[in-house]
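Below is data.cif, holding mmCIF, N, CA and C atoms.
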data_input
loop_
_atom_site.group_PDB
_atom_site.id
_atom_site.type_symbol
_atom_site.label_atom_id
_atom_site.label_comp_id
_atom_site.auth_asym_id
_atom_site.auth_seq_id
_atom_site.Cartn_x
_atom_site.Cartn_y
_atom_site.Cartn_z
ATOM 1 N N MET K 66 -128.992 77.916 10.800
ATOM 2 C CA MET K 66 -129.143 79.361 10.843
ATOM 3 C C MET K 66 -129.470 79.761 12.281
ATOM 4 N N THR K 67 -128.743 80.734 12.789
ATOM 5 C CA THR K 67 -128.963 81.153 14.172
ATOM 6 C C THR K 67 -130.198 82.030 14.274
ATOM 7 N N THR K 68 -130.703 82.164 15.490
ATOM 8 C CA THR K 68 -131.889 82.986 15.729
ATOM 9 C C THR K 68 -131.634 84.438 15.341
ATOM 10 N N ALA K 69 -130.445 84.946 15.630
ATOM 11 C CA ALA K 69 -130.123 86.342 15.303
ATOM 12 C C ALA K 69 -130.172 86.580 13.798
ATOM 13 N N VAL K 70 -129.627 85.653 13.032
ATOM 14 C CA VAL K 70 -129.641 85.792 11.574
ATOM 15 C C VAL K 70 -131.069 85.706 11.067
ATOM 16 N N ARG K 71 -131.831 84.784 11.614
ATOM 17 C CA ARG K 71 -133.227 84.618 11.203
ATOM 18 C C ARG K 71 -134.024 85.892 11.472
ATOM 19 N N LEU K 72 -133.821 86.517 12.621
ATOM 20 C CA LEU K 72 -134.560 87.734 12.969
ATOM 21 C C LEU K 72 -134.186 88.900 12.069
ATOM 22 N N ARG K 73 -132.932 88.966 11.623
ATOM 23 C CA ARG K 73 -132.521 90.047 10.720
ATOM 24 C C ARG K 73 -133.212 89.920 9.368
ATOM 25 N N ASN K 74 -133.572 88.708 9.002
ATOM 26 C CA ASN K 74 -134.219 88.471 7.718
ATOM 27 C C ASN K 74 -135.736 88.618 7.802
ATOM 28 N N MET K 75 -136.238 88.964 8.986
ATOM 29 C CA MET K 75 -137.668 89.142 9.178
ATOM 30 C C MET K 75 -137.961 90.600 9.485
ATOM 31 N N LEU K 76 -139.014 91.115 8.864
ATOM 32 C CA LEU K 76 -139.394 92.512 9.049
ATOM 33 C C LEU K 76 -140.623 92.607 9.935
ATOM 34 N N THR K 77 -140.685 93.668 10.705
ATOM 35 C CA THR K 77 -141.883 93.932 11.486
ATOM 36 C C THR K 77 -142.939 94.529 10.569
ATOM 37 N N LEU K 78 -144.160 94.532 11.035
ATOM 38 C CA LEU K 78 -145.244 95.126 10.260
ATOM 39 C C LEU K 78 -144.975 96.608 10.027
ATOM 40 N N ALA K 79 -144.455 97.295 11.027
ATOM 41 C CA ALA K 79 -144.143 98.723 10.882
ATOM 42 C C ALA K 79 -143.092 98.948 9.798
ATOM 43 N N GLU K 80 -142.081 98.085 9.741
ATOM 44 C CA GLU K 80 -141.043 98.220 8.721
ATOM 45 C C GLU K 80 -141.602 97.997 7.317
ATOM 46 N N VAL K 81 -142.475 97.005 7.174
ATOM 47 C CA VAL K 81 -143.081 96.723 5.871
ATOM 48 C C VAL K 81 -143.966 97.887 5.437
ATOM 49 N N CYS K 82 -144.785 98.375 6.356
ATOM 50 C CA CYS K 82 -145.673 99.499 6.028
ATOM 51 C C CYS K 82 -144.870 100.738 5.643
ATOM 52 N N GLU K 83 -143.779 100.981 6.339
ATOM 53 C CA GLU K 83 -142.930 102.132 6.006
ATOM 54 C C GLU K 83 -142.301 101.947 4.628
ATOM 55 N N GLU K 84 -141.801 100.760 4.349
ATOM 56 C CA GLU K 84 -141.167 100.500 3.056
ATOM 57 C C GLU K 84 -142.154 100.646 1.898
ATOM 58 N N LEU K 85 -143.404 100.212 2.113
ATOM 59 C CA LEU K 85 -144.413 100.284 1.064
ATOM 60 C C LEU K 85 -145.174 101.613 1.067
ATOM 61 N N SER K 86 -144.913 102.448 2.060
ATOM 62 C CA SER K 86 -145.609 103.737 2.231
ATOM 63 C C SER K 86 -147.120 103.543 2.310
ATOM 64 N N ILE K 87 -147.525 102.601 3.169
ATOM 65 C CA ILE K 87 -148.949 102.327 3.394
ATOM 66 C C ILE K 87 -149.232 102.366 4.887
ATOM 67 N N SER K 88 -150.504 102.499 5.228
ATOM 68 C CA SER K 88 -150.892 102.474 6.634
ATOM 69 C C SER K 88 -151.047 101.029 7.100
ATOM 70 N N ARG K 89 -151.034 100.874 8.391
ATOM 71 C CA ARG K 89 -151.242 99.558 8.986
ATOM 72 C C ARG K 89 -152.618 99.013 8.597
ATOM 73 N N SER K 90 -153.619 99.888 8.566
ATOM 74 C CA SER K 90 -154.979 99.438 8.219
ATOM 75 C C SER K 90 -155.046 98.957 6.772
ATOM 76 N N THR K 91 -154.290 99.592 5.882
ATOM 77 C CA THR K 91 -154.239 99.128 4.492
ATOM 78 C C THR K 91 -153.626 97.734 4.428
ATOM 79 N N PHE K 92 -152.549 97.510 5.185
ATOM 80 C CA PHE K 92 -151.928 96.190 5.195
ATOM 81 C C PHE K 92 -152.919 95.135 5.689
ATOM 82 N N TYR K 93 -153.628 95.438 6.773
ATOM 83 C CA TYR K 93 -154.596 94.472 7.305
ATOM 84 C C TYR K 93 -155.739 94.237 6.324
ATOM 85 N N ASP K 94 -156.117 95.267 5.574
ATOM 86 C CA ASP K 94 -157.149 95.102 4.547
ATOM 87 C C ASP K 94 -156.647 94.161 3.453
ATOM 88 N N TRP K 95 -155.416 94.377 2.984
ATOM 89 C CA TRP K 95 -154.833 93.490 1.981
ATOM 90 C C TRP K 95 -154.743 92.070 2.510
ATOM 91 N N ARG K 96 -154.359 91.944 3.774
ATOM 92 C CA ARG K 96 -154.216 90.604 4.370
ATOM 93 C C ARG K 96 -155.566 89.899 4.428
ATOM 94 N N ALA K 97 -156.628 90.599 4.793
ATOM 95 C CA ALA K 97 -157.966 90.015 4.852
ATOM 96 C C ALA K 97 -158.420 89.564 3.466
ATOM 97 N N LYS K 98 -157.971 90.285 2.435
ATOM 98 C CA LYS K 98 -158.331 89.948 1.048
ATOM 99 C C LYS K 98 -157.320 88.992 0.408
ATOM 100 N N ARG K 99 -156.349 88.524 1.205
ATOM 101 C CA ARG K 99 -155.294 87.622 0.740
ATOM 102 C C ARG K 99 -154.454 88.236 -0.382
ATOM 103 N N ARG K 100 -154.193 89.525 -0.268
ATOM 104 C CA ARG K 100 -153.380 90.238 -1.253
ATOM 105 C C ARG K 100 -152.049 90.709 -0.670
ATOM 106 N N ALA K 101 -151.806 90.437 0.577
ATOM 107 C CA ALA K 101 -150.584 90.865 1.255
ATOM 108 C C ALA K 101 -149.515 89.780 1.137
ATOM 109 N N PRO K 102 -148.266 90.142 1.382
ATOM 110 C CA PRO K 102 -147.220 89.114 1.397
ATOM 111 C C PRO K 102 -147.459 88.127 2.546
ATOM 112 N N ARG K 103 -146.880 86.949 2.420
ATOM 113 C CA ARG K 103 -147.019 85.938 3.469
ATOM 114 C C ARG K 103 -146.506 86.474 4.804
ATOM 115 N N CYS K 104 -147.228 86.137 5.867
ATOM 116 C CA CYS K 104 -146.872 86.601 7.208
ATOM 117 C C CYS K 104 -146.651 85.420 8.141
ATOM 118 N N ILE K 105 -145.857 85.669 9.143
ATOM 119 C CA ILE K 105 -145.670 84.716 10.232
ATOM 120 C C ILE K 105 -146.284 85.350 11.466
ATOM 121 N N LYS K 106 -147.218 84.653 12.096
ATOM 122 C CA LYS K 106 -147.843 85.171 13.306
ATOM 123 C C LYS K 106 -147.119 84.572 14.510
ATOM 124 N N LEU K 107 -146.526 85.419 15.308
ATOM 125 C CA LEU K 107 -145.798 84.993 16.493
ATOM 126 C C LEU K 107 -146.767 84.655 17.625
ATOM 127 N N PRO K 108 -146.308 83.907 18.628
ATOM 128 C CA PRO K 108 -147.189 83.544 19.743
ATOM 129 C C PRO K 108 -147.826 84.738 20.452
ATOM 130 N N ASN K 109 -147.167 85.892 20.432
ATOM 131 C CA ASN K 109 -147.732 87.075 21.087
ATOM 132 C C ASN K 109 -148.693 87.842 20.173
ATOM 133 N N GLY K 110 -148.921 87.315 18.950
ATOM 134 C CA GLY K 110 -149.850 87.947 18.021
ATOM 135 C C GLY K 110 -149.206 88.890 17.024
ATOM 136 N N ASP K 111 -147.943 89.256 17.251
ATOM 137 C CA ASP K 111 -147.241 90.135 16.311
ATOM 138 C C ASP K 111 -147.012 89.415 14.991
ATOM 139 N N LEU K 112 -146.924 90.188 13.930
ATOM 140 C CA LEU K 112 -146.654 89.633 12.607
ATOM 141 C C LEU K 112 -145.223 89.938 12.197
ATOM 142 N N ARG K 113 -144.633 89.011 11.466
ATOM 143 C CA ARG K 113 -143.325 89.217 10.853
ATOM 144 C C ARG K 113 -143.430 88.781 9.402
ATOM 145 N N ILE K 114 -142.678 89.449 8.546
ATOM 146 C CA ILE K 114 -142.659 89.134 7.131
ATOM 147 C C ILE K 114 -141.209 88.880 6.746
ATOM 148 N N ARG K 115 -140.963 87.724 6.146
ATOM 149 C CA ARG K 115 -139.609 87.423 5.688
ATOM 150 C C ARG K 115 -139.244 88.382 4.554
ATOM 151 N N ARG K 116 -138.003 88.849 4.557
ATOM 152 C CA ARG K 116 -137.523 89.746 3.507
ATOM 153 C C ARG K 116 -137.716 89.084 2.143
ATOM 154 N N THR K 117 -137.414 87.792 2.037
ATOM 155 C CA THR K 117 -137.553 87.098 0.750
ATOM 156 C C THR K 117 -139.014 87.040 0.311
ATOM 157 N N ASP K 118 -139.945 86.842 1.250
ATOM 158 C CA ASP K 118 -141.372 86.816 0.905
ATOM 159 C C ASP K 118 -141.836 88.178 0.397
ATOM 160 N N LEU K 119 -141.370 89.245 1.038
ATOM 161 C CA LEU K 119 -141.738 90.584 0.589
ATOM 162 C C LEU K 119 -141.159 90.871 -0.801
ATOM 163 N N ASP K 120 -139.889 90.516 -1.008
ATOM 164 C CA ASP K 120 -139.256 90.747 -2.308
ATOM 165 C C ASP K 120 -139.958 89.952 -3.412
ATOM 166 N N ASN K 121 -140.298 88.693 -3.134
ATOM 167 C CA ASN K 121 -141.009 87.875 -4.118
ATOM 168 C C ASN K 121 -142.394 88.444 -4.411
ATOM 169 N N TRP K 122 -143.066 88.901 -3.374
ATOM 170 C CA TRP K 122 -144.399 89.495 -3.518
ATOM 171 C C TRP K 122 -144.323 90.744 -4.405
ATOM 172 N N LEU K 123 -143.312 91.561 -4.177
ATOM 173 C CA LEU K 123 -143.128 92.760 -4.999
ATOM 174 C C LEU K 123 -142.797 92.391 -6.445
ATOM 175 N N ASP K 124 -141.937 91.395 -6.636
ATOM 176 C CA ASP K 124 -141.591 90.953 -7.991
ATOM 177 C C ASP K 124 -142.831 90.473 -8.751
ATOM 178 N N ASP K 125 -143.733 89.802 -8.054
ATOM 179 C CA ASP K 125 -144.954 89.301 -8.692
ATOM 180 C C ASP K 125 -145.872 90.439 -9.145
ATOM 181 N N ARG K 126 -145.700 91.619 -8.575
ATOM 182 C CA ARG K 126 -146.551 92.753 -8.912
ATOM 183 C C ARG K 126 -145.894 93.716 -9.890
ATOM 184 N N GLU K 127 -144.724 93.355 -10.349
ATOM 185 C CA GLU K 127 -144.005 94.226 -11.287
ATOM 186 C C GLU K 127 -144.772 94.310 -12.595
ATOM 187 N N ASP K 128 -144.933 95.526 -13.060
ATOM 188 C CA ASP K 128 -145.656 95.784 -14.297
ATOM 189 C C ASP K 128 -144.650 95.889 -15.435
ATOM 190 N N VAL K 129 -144.776 94.993 -16.381
ATOM 191 C CA VAL K 129 -143.859 94.989 -17.520
ATOM 192 C C VAL K 129 -144.443 95.900 -18.603
ATOM 193 N N ALA K 130 -143.667 96.879 -19.005
ATOM 194 C CA ALA K 130 -144.138 97.836 -20.013
ATOM 195 C C ALA K 130 -143.970 97.282 -21.405
#

Would you mind writing the structure in this file as structure tokens?
Amino acid sequence: MTTAVRLRNMLTLAEVCEELSISRSTFYDWRAKRRAPRCIKLPNGDLRIRRTDLDNWLDDREDVA
């Protein structure tokens, strides 16, 4: 898998927060409580979230009626 393809499959923290309609501080709160999707911490300190990790995390929270 090339680097370009890998980067397309990774979301920035801003993209995740926008998709979930939450603030950055809410995401960091969830992360501190280990309730956030898995993150990758880059050498510069930025976080990335794999699209598959976010989708799996959302599926795990689906409420079955």

Select, counting only N, CA and C atoms, all protein, DNA and RNA residues no farther than 6 Å from (-143.9, 92.2, 2.7) in file coordinates, and express the selection as an mmCIF file with N, CA and C atoms, keeping the file's coordinate frame.
data_model
loop_
_atom_site.group_PDB
_atom_site.id
_atom_site.type_symbol
_atom_site.label_atom_id
_atom_site.label_comp_id
_atom_site.auth_asym_id
_atom_site.auth_seq_id
_atom_site.Cartn_x
_atom_site.Cartn_y
_atom_site.Cartn_z
ATOM 1 N N VAL K 81 -142.475 97.005 7.174
ATOM 2 C CA VAL K 81 -143.081 96.723 5.871
ATOM 3 C C VAL K 81 -143.966 97.887 5.437
ATOM 4 N N PRO K 102 -148.266 90.142 1.382
ATOM 5 C CA PRO K 102 -147.220 89.114 1.397
ATOM 6 C C PRO K 102 -147.459 88.127 2.546
ATOM 7 N N ILE K 114 -142.678 89.449 8.546
ATOM 8 C CA ILE K 114 -142.659 89.134 7.131
ATOM 9 C C ILE K 114 -141.209 88.880 6.746
ATOM 10 N N ASP K 118 -139.945 86.842 1.250
ATOM 11 C CA ASP K 118 -141.372 86.816 0.905
ATOM 12 C C ASP K 118 -141.836 88.178 0.397
ATOM 13 N N LEU K 119 -141.370 89.245 1.038
ATOM 14 C CA LEU K 119 -141.738 90.584 0.589
ATOM 15 C C LEU K 119 -141.159 90.871 -0.801
ATOM 16 N N ASP K 120 -139.889 90.516 -1.008
ATOM 17 C CA ASP K 120 -139.256 90.747 -2.308
ATOM 18 C C ASP K 120 -139.958 89.952 -3.412
#

Inset, instruction - Please give the complete set of residues from chain K that DSSP, run on the backbone, assigns to strand (DSSP E or B), formatted as a list of chain:residue names. - result: K:Met75, K:Leu76, K:Thr77, K:Ile105, K:Lys106, K:Leu112, K:Arg113, K:Ile114, K:Arg115

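Once the PyMOL selection byres ((chain K and resi 104) around 6.5) is applied to the shown structure, the selection contains K:Ala101, K:Pro102, K:Arg103, K:Ile105, K:Lys106, K:Leu112, K:Arg113, K:Ile114, K:Arg115.
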
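Distance-wise, atom N of K:Ile87 and atom C of K:Leu123 end up 14.8 Å apart.
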
Inset, instruction - Give the alpha helix (DSSP H) residues of stretch 82-119 of chain K, as DSSP finds them on the backbone, and put them as a PyMOL selection string. - result: chain K and resi 82-85+89-97+116-119

Legend entry - Straight-line distance linking atom N of K:Trp122 with atom N of K:Leu107, stated in Å to one decimal: 19.3 Å

Inset, instruction - Take the PyMOL selection byres ((chain K and resi 78) around 8), apply it to the structure above, and return the hits as number ranges by chain. - result: K: 75-77, 79-84, 89, 111-114

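From atom CA of K:Pro108 back to atom CA of K:Leu85, the distance works out to 25.2 Å.
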
For stretch 118-122 of chain K, what centre and edge lengths in Å (one decimal) does the axis-aligned box get once 5 Å is added on each side of all its listed atoms, as JSON?
{"center_x": -141.8, "center_y": 88.8, "center_z": -1.6, "size_x": 15.1, "size_y": 14.1, "size_z": 15.7}
